[in-house]
Amino acid sequence: MLERWGSVVAARRRFILVAAILLALVGVWWGTGVFTRLVTGGFEDPGSSSAQANAQISRSLGGQSPDVIALYSSPTATAQSPGFRDRVEAEAQRLRALLGVVSVASAYDGVPGLVSRDGHATYLVIRLTALDDSGKQAEYNAIKPQLTVPGLDTQVGGTVAVNVRMDDLTKSDVTRGEMIALPLVLLLLIVIFGGVVAASLPVLIGGLAILGAFTVIRAISMATDVSTFAVNAITLLGLGMAIDYSLLLINRFRQELQSAPSTKQAVARTLATAGRTILVSGLLVILSLASLLIFPEVFLKSMALGGMAAILVAMISALTVLPAILAMLGHRINALRVRNPWRPSAAKAPSSEAEAETGAWARLARSVMRRPVFYALAVAVILAVLASPLLHLRFGSVDERVLPAGDQARTVAERVATDFNGTVSSPILVLVEDASPAQVNEVRQRISELPAVTRAQVSAQRGDATLISASYTGGFAGTAALDAVREVRALPAPPGTHLLVGGDSASIQDEMNSLSNGLPWMLAIMAAVTFGVLLLAFGSVLLPVKAVVTNIASVAATFGALVWIFQDGHLSGLLGFTATGYLEPTVLILVLAELFGLATDYEVFLLSRVREQWDATGDNTTAVATGLQRTGRIITAAAALLIVVTAGFATGQIVLTKLIGIGMSLGIFLDATLIRALLGPATMRLLGKWNWWAPGPLRRLHRRVRLEQDSAQPGPVQVLTSEDRYDLSRAPCVGHGNQATRSPTIGRLGPPRRRAADAGP
């Protein structure tokens with residue numbers, strides 16, 4: 001099918017390129033408008049009891065969350081001095097008259113706890129009209145210029161201000177990551193391909209993937225909320241996967257040009273081999289990310305939609321636009337060559353099969369085949385050591401500490417927590433309905449007596465609805481706050497009344513419960529998808545199981561390192577962040593989905609070659625060794641390029657962006673080196689012929705679906721050198737049944753002989 005598609009693409013190349021240019025222009029003109037439609041936050045579960053409580057509080061009493069905090073201070077005057085007090089009171093009056101402001105609370109209205117301990121600072125608590133994050137953000141941006149009081153030091157914070165700063169810094173982090181990554185990626189591509197023309201094509205396809213994904217996500221944002229963090233997924237995965245797929249396709253096309261009668265046939269053969277690998281790989285990663293859609297949090301859904309859109313567009317571009325360009329270029333793909341100082345023979349194609357037979361990857365393959373037990377045990381020990389910090393993993397939610405130290409919104413939250421008398425900017429909200437005054441007082445008293453609660457007071461009342469605000473020590477995402485929520489929720493309601501618990505701390509607790517309930521289903525979906533697709537692609541039962549187990553080992557080692565770095569804070573000074581003592585679970589779940597998909601992506605690269613060699617020779621050792629020889633350099637190059645892309649995000653100012661960048665870079669490195677180059681081949685060597693075992697019905701299903709390349713596909717003829725040999729006494733036999741010969745790759749003596757090169761990617 002893909003071979004026929006390759007012929008169609010080559011014949012319609014001009015039409016495809018014109019269509020691609022038009023779609024790219026649509027992406028620039030319309031797709032980039034997605035930035036104006038993205039929403040902040042999205043970490044809460046909209047169907048949770050806290051979400052219902054917050055909605056009922058807004059309906060009954062109006063908005064009660066302290067959206068904005070305007071903190072005023074003076075090094076000389078006190079908050080009670082006439083000049084200081086008059087300025088702040090006048091400011092409060094001006095703010096109450098502004099459109100979008102529901103209420104303004106100040107110490108001068110009798111609200112306790114709003115004056116600092118030293119008496120030199122006070123703050124206003126501003127509640128906004130809008131009930132959704134986007135509306136609050138718009139109202140905050142409108143009133144922010146009017147919050148400054150002449151003669152006093154003004155600092156602005158609060159939940160909305162923190163979200164706005166996270167939004168702004170996320171966008172700047174994406175821009176910074178792209179500016180750092182793109183030049184380095186282009187330089188590496190020039191080194192890998194040895195030419196400017198070939199090196200420029202992956203970057204071009206990456207740009208198309210990003211613009212196309214922006215267009216898709218803008219269309220989706222017209223029907224549902226999409227978080228601003230979706231941009232991170234689009235940029236990271238769109239550029240990264242487009243480069244991976246382009247690397248694979250261009251590498252194969254340059255090989256096919258050496259033997260194909262025409263450029264059109266070279267394109268067709270390239271799509272029939274490498275194109276199949278890209279199709280299987282893309283579907284696997286997309287389906288892995290789709291597992292995030294089971295979570296109700298907008299953040300995770302948005303990252304899933306952004307990543308799926310980016311990979312889908314990258315895959316389609318790699319299977320249509322890139323082959324069309326290759327069909328137009330033909331042998332000019334090798335134009336504008338650049339001499340590689342690390343390879344003496346620059347004229348030789350960097351992906352030549354002869355180099356694969358005699359280079360470092362051939363030596364590594366022979367070493368792994370000789371000592372599989374040693375390599376498997378050594379890698380297992382390394383992974384276990386890296387994963388050991390997971391034993392003390394702790395989860396927590398984001399707060400103002402995700403912002404850089406010294407950021408104004410973060411500074412306000414820190415000052416309110418440390419400089420004022422036990423006040424908190426995000427109290428626990430308890431709505432009491434259908435209660436008499438005596439019952440309300442009873443509830444307030446019982447809440448105030450709870451160990452984790454420092455104070456409880458009635459903060460609003462209308463009709464039969466009364467709101468009690470409960471304070472606690474520390475931040476709203478801290479242990480004390482979450483303990484207070486649990487204690488308040490455990491209180492029985494007086495007869496005939498209803499209690500609803502809301503606020504930021506309650507939302508965080510519900511988020512944790514939602515994630516813990518959805519995580520097992522997500523893991524089951526990813527495992528089932530990986531098993532099913534690999535089974536259909538390679539006709540084996542044990543190989544998909546091995547892939548799932550090694551993927552889990554790779555992710556566990558990565559997460560252990562993240563615990564050591566971010567939770568324990570060992571590299572906080574070097575990387576410039578504040579360790580909180582816990583990790584945000586939604587970000588870890590996102591990294592889990594992306595790494596699991598990418599790990600399977602590299603597994604497909606490797607198994608495609610191994611399966612072709614197994615079909616051609618029937619010798620497992622030969623198949624595994626040759627598969628590693630042929631794909632080792634491609635996987636390493638693809639991983640290096642993707643690491644450059646993801647590492648650019650590690651320079652971001654938001655801790656979440658840093659964690660994603662470092663987590664992805666480290667996970668890709670571990671998977672491409674320890675897992676794909678050592679543990680995977682060693683395990684396959686030990687399993688022997690059991691690698692390819694499947695029950696009869698599954699074998700018949702595999703032959704019917706046949707996702708991988710037919711081993712009969714013609715390919716270039718290659719002369720093997722005598723450097724790729726070792727003692728014949730250890731050489732395995734090749735063949736099925738009673739027909740066996742010595743493997744031409746792993747063991748042979750005598751002069752080299754010719755054979756048909758494998759047709760893998």
# chains A, B, ... in the order shown; residues from 1 in each chain; ligands from 1
>>> residues_around(residues="A:Leu383", least_positions_apart="3", cutoff="6 Å", atoms="only C-alpha atoms", output="PyMOL selection string")
chain A and resi 380+386+557
>>> residues_around(residues="A:Ser471", least_positions_apart="6", cutoff="6 Å", atoms="only C-alpha atoms", output="PyMOL selection string")
chain A and resi 427+453-455
>>> residues_around(residues="A:Ser397", least_positions_apart="6", cutoff="8 Å", atoms="only C-alpha atoms", output="list in words")
Ala477, Ile508, Leu583, Glu584 and Pro585 of chain A
>>> closest_residue(among="A:Asp168, A:Glu256, A:Asp133, A:Glu414", to="A:Leu271", atoms="only C-alpha atoms")
A:Glu256
>>> residues_around(residues="A:Val430", least_positions_apart="5", cutoff="7 Å", atoms="only C-alpha atoms", output="PyMOL selection string")
chain A and resi 467-469+499-502
>>> write_last_selection(atoms="N, CA, C and O atoms", output="PDB file, in the first residue's frame")
ATOM      1  N   LEU A 467     -21.089  31.269  54.545  1.00  0.00           N
ATOM      2  CA  LEU A 467     -19.749  30.821  54.182  1.00  0.00           C
ATOM      3  C   LEU A 467     -18.814  30.995  55.364  1.00  0.00           C
ATOM      4  O   LEU A 467     -18.713  32.078  55.940  1.00  0.00           O
ATOM      5  N   ILE A 468     -18.118  29.903  55.719  1.00  0.00           N
ATOM      6  CA  ILE A 468     -17.119  29.920  56.783  1.00  0.00           C
ATOM      7  C   ILE A 468     -15.750  29.738  56.142  1.00  0.00           C
ATOM      8  O   ILE A 468     -15.538  28.803  55.360  1.00  0.00           O
ATOM      9  N   SER A 469     -14.813  30.652  56.457  1.00  0.00           N
ATOM     10  CA  SER A 469     -13.448  30.572  55.942  1.00  0.00           C
ATOM     11  C   SER A 469     -12.535  30.028  57.023  1.00  0.00           C
ATOM     12  O   SER A 469     -12.504  30.557  58.139  1.00  0.00           O
ATOM     13  N   LEU A 499     -23.314  20.647  54.096  1.00  0.00           N
ATOM     14  CA  LEU A 499     -21.984  21.248  54.113  1.00  0.00           C
ATOM     15  C   LEU A 499     -21.273  20.937  52.799  1.00  0.00           C
ATOM     16  O   LEU A 499     -21.233  19.783  52.362  1.00  0.00           O
ATOM     17  N   LEU A 500     -20.728  21.968  52.172  1.00  0.00           N
ATOM     18  CA  LEU A 500     -19.922  21.818  50.964  1.00  0.00           C
ATOM     19  C   LEU A 500     -18.569  22.456  51.218  1.00  0.00           C
ATOM     20  O   LEU A 500     -18.493  23.583  51.724  1.00  0.00           O
ATOM     21  N   VAL A 501     -17.488  21.741  50.870  1.00  0.00           N
ATOM     22  CA  VAL A 501     -16.125  22.211  51.137  1.00  0.00           C
ATOM     23  C   VAL A 501     -15.457  22.544  49.809  1.00  0.00           C
ATOM     24  O   VAL A 501     -15.354  21.702  48.918  1.00  0.00           O
ATOM     25  N   GLY A 502     -15.023  23.808  49.688  1.00  0.00           N
ATOM     26  CA  GLY A 502     -14.363  24.253  48.472  1.00  0.00           C
ATOM     27  C   GLY A 502     -13.086  25.008  48.776  1.00  0.00           C
ATOM     28  O   GLY A 502     -12.538  24.917  49.883  1.00  0.00           O
TER      29      GLY A 502
END
>>> atom_distance(atom1="atom CA of A:Gln155", atom2="atom CA of A:Leu71")
5.2 Å
>>> select_by_dssp(residues="stretch 392-639 of chain A", states="strand (DSSP E)", output="list in words")
Ile428, Leu429, Val430, Leu431, Val432, Glu433, Arg455, Ala456, Gln457, Val458, Ser459, Ala460, Gln461, Arg462, Ala465, Thr466, Leu467, Ile468, Ser469, Ala470, Ser471, His498, Leu499, Leu500, Val501 and Gly502 of chain A
>>> residues_around(residues="A:Ala556", least_positions_apart="2", cutoff="12 Å", atoms="only C-alpha atoms", output="VMD selection string")
chain A and resid 380 382 to 391 393 549 to 554 558 to 563 588 591 to 592 595 to 596 663 666 to 667 670 to 671
>>> write_last_selection(atoms="N, CA, C and O atoms", output="short mmCIF file (atom, residue, chain, number, x, y, z; two decimals), in the first residue's frame")
data_model
loop_
_atom_site.label_atom_id
_atom_site.label_comp_id
_atom_site.auth_asym_id
_atom_site.auth_seq_id
_atom_site.Cartn_x
_atom_site.Cartn_y
_atom_site.Cartn_z
N ALA A 380 20.47 -3.72 34.25
CA ALA A 380 19.43 -3.82 35.27
C ALA A 380 19.88 -3.18 36.59
O ALA A 380 19.09 -2.50 37.26
N ILE A 382 22.12 -0.73 36.94
CA ILE A 382 22.16 0.73 36.75
C ILE A 382 20.76 1.33 36.82
O ILE A 382 20.53 2.35 37.49
N LEU A 383 19.80 0.69 36.16
CA LEU A 383 18.43 1.19 36.18
C LEU A 383 17.84 1.13 37.59
O LEU A 383 17.11 2.04 38.00
N ALA A 384 18.17 0.07 38.34
CA ALA A 384 17.66 -0.05 39.70
C ALA A 384 18.21 1.05 40.61
O ALA A 384 17.48 1.62 41.43
N VAL A 385 19.47 1.36 40.45
CA VAL A 385 20.07 2.44 41.25
C VAL A 385 19.42 3.78 40.91
O VAL A 385 19.08 4.57 41.80
N LEU A 386 19.23 4.04 39.62
CA LEU A 386 18.60 5.30 39.21
C LEU A 386 17.16 5.40 39.70
O LEU A 386 16.68 6.48 40.04
N ALA A 387 16.46 4.27 39.75
CA ALA A 387 15.05 4.28 40.14
C ALA A 387 14.86 4.29 41.65
O ALA A 387 13.74 4.55 42.11
N SER A 388 15.89 4.05 42.43
CA SER A 388 15.74 3.90 43.88
C SER A 388 15.13 5.12 44.59
O SER A 388 14.39 4.95 45.56
N PRO A 389 15.39 6.37 44.15
CA PRO A 389 14.72 7.50 44.83
C PRO A 389 13.20 7.47 44.74
O PRO A 389 12.53 8.19 45.50
N LEU A 390 12.62 6.66 43.86
CA LEU A 390 11.17 6.55 43.78
C LEU A 390 10.56 6.03 45.08
O LEU A 390 9.36 6.20 45.33
N LEU A 391 11.38 5.40 45.91
CA LEU A 391 10.88 4.84 47.17
C LEU A 391 10.39 5.93 48.11
O LEU A 391 9.58 5.66 49.01
N LEU A 393 9.10 8.99 46.84
CA LEU A 393 8.38 9.95 46.01
C LEU A 393 7.16 10.50 46.75
O LEU A 393 6.40 9.76 47.36
N VAL A 549 7.85 -4.02 29.40
CA VAL A 549 8.67 -4.12 30.61
C VAL A 549 9.88 -3.19 30.54
O VAL A 549 10.19 -2.47 31.50
N THR A 550 10.57 -3.16 29.41
CA THR A 550 11.75 -2.28 29.30
C THR A 550 11.34 -0.81 29.29
O THR A 550 12.07 0.03 29.81
N ASN A 551 10.18 -0.50 28.70
CA ASN A 551 9.70 0.87 28.76
C ASN A 551 9.45 1.31 30.19
O ASN A 551 9.80 2.43 30.60
N ILE A 552 8.83 0.44 30.97
CA ILE A 552 8.57 0.75 32.37
C ILE A 552 9.88 0.94 33.13
O ILE A 552 10.01 1.85 33.96
N ALA A 553 10.87 0.08 32.84
CA ALA A 553 12.16 0.22 33.51
C ALA A 553 12.82 1.54 33.16
O ALA A 553 13.39 2.22 34.04
N SER A 554 12.75 1.94 31.90
CA SER A 554 13.33 3.22 31.48
C SER A 554 12.65 4.39 32.16
O SER A 554 13.31 5.32 32.65
N THR A 558 14.11 7.15 34.97
CA THR A 558 13.99 8.59 34.73
C THR A 558 13.29 9.28 35.89
O THR A 558 13.74 10.33 36.37
N PHE A 559 12.20 8.72 36.36
CA PHE A 559 11.45 9.33 37.47
C PHE A 559 12.27 9.32 38.76
O PHE A 559 12.18 10.25 39.55
N GLY A 560 13.06 8.28 38.96
CA GLY A 560 13.93 8.27 40.13
C GLY A 560 14.91 9.42 40.10
O GLY A 560 15.15 10.09 41.12
N ALA A 561 15.47 9.68 38.92
CA ALA A 561 16.39 10.82 38.78
C ALA A 561 15.66 12.14 39.00
O ALA A 561 16.21 13.08 39.61
N LEU A 562 14.41 12.26 38.53
CA LEU A 562 13.65 13.49 38.73
C LEU A 562 13.34 13.72 40.21
O LEU A 562 13.34 14.87 40.67
N VAL A 563 13.07 12.66 40.93
CA VAL A 563 12.87 12.80 42.38
C VAL A 563 14.13 13.34 43.03
O VAL A 563 14.08 14.26 43.86
N LEU A 588 4.22 14.64 35.83
CA LEU A 588 4.83 13.31 35.75
C LEU A 588 4.02 12.39 34.84
O LEU A 588 4.58 11.60 34.08
N VAL A 591 4.87 13.33 31.27
CA VAL A 591 6.19 12.81 30.89
C VAL A 591 6.12 11.30 30.70
O VAL A 591 6.74 10.74 29.78
N LEU A 592 5.36 10.62 31.56
CA LEU A 592 5.20 9.17 31.43
C LEU A 592 4.62 8.81 30.07
O LEU A 592 5.14 7.92 29.37
N LEU A 595 7.25 9.69 27.22
CA LEU A 595 8.42 8.80 27.20
C LEU A 595 8.03 7.39 26.80
O LEU A 595 8.78 6.71 26.08
N PHE A 596 6.88 6.92 27.26
CA PHE A 596 6.44 5.57 26.90
C PHE A 596 6.24 5.48 25.40
O PHE A 596 6.65 4.51 24.75
N GLY A 663 13.28 15.86 32.21
CA GLY A 663 12.73 14.52 32.24
C GLY A 663 12.74 13.87 30.87
O GLY A 663 13.13 12.70 30.72
N LEU A 666 16.52 13.23 29.72
CA LEU A 666 17.14 12.12 30.42
C LEU A 666 16.51 10.80 30.02
O LEU A 666 17.21 9.79 29.80
N GLY A 667 15.18 10.77 29.92
CA GLY A 667 14.50 9.53 29.53
C GLY A 667 14.89 9.07 28.14
O GLY A 667 15.09 7.87 27.90
N LEU A 670 18.50 7.63 28.28
CA LEU A 670 18.55 6.29 28.88
C LEU A 670 17.97 5.24 27.94
O LEU A 670 18.51 4.14 27.82
N ASP A 671 16.88 5.60 27.27
CA ASP A 671 16.24 4.62 26.41
C ASP A 671 17.08 4.31 25.18
O ASP A 671 17.19 3.14 24.76
#
>>> closest_residue(among="A:Tyr108, A:Leu450, A:Leu169, A:Val162", to="A:Pro82", atoms="only C-alpha atoms")
A:Tyr108
>>> atom_distance(atom1="atom CA of A:Leu189", atom2="atom CA of A:Leu641")
8.0 Å
>>> residues_around(residues="A:Leu523", least_positions_apart="4", cutoff="9 Å", atoms="only C-alpha atoms", output="PyMOL selection string")
chain A and resi 291+518-519+527-528+593
>>> closest_residue(among="A:Ile643, A:Val379, A:Ile325, A:Val298", to="A:Pro46", atoms="only C-alpha atoms")
A:Val298
>>> residues_around(residues="A:Val267", least_positions_apart="3", cutoff="7 Å", atoms="only C-alpha atoms", output="list in words")
Gly6, Ala10, Phe253, Thr263, Lys264, Thr270, Leu271, Pro323 and Ala327 of chain A
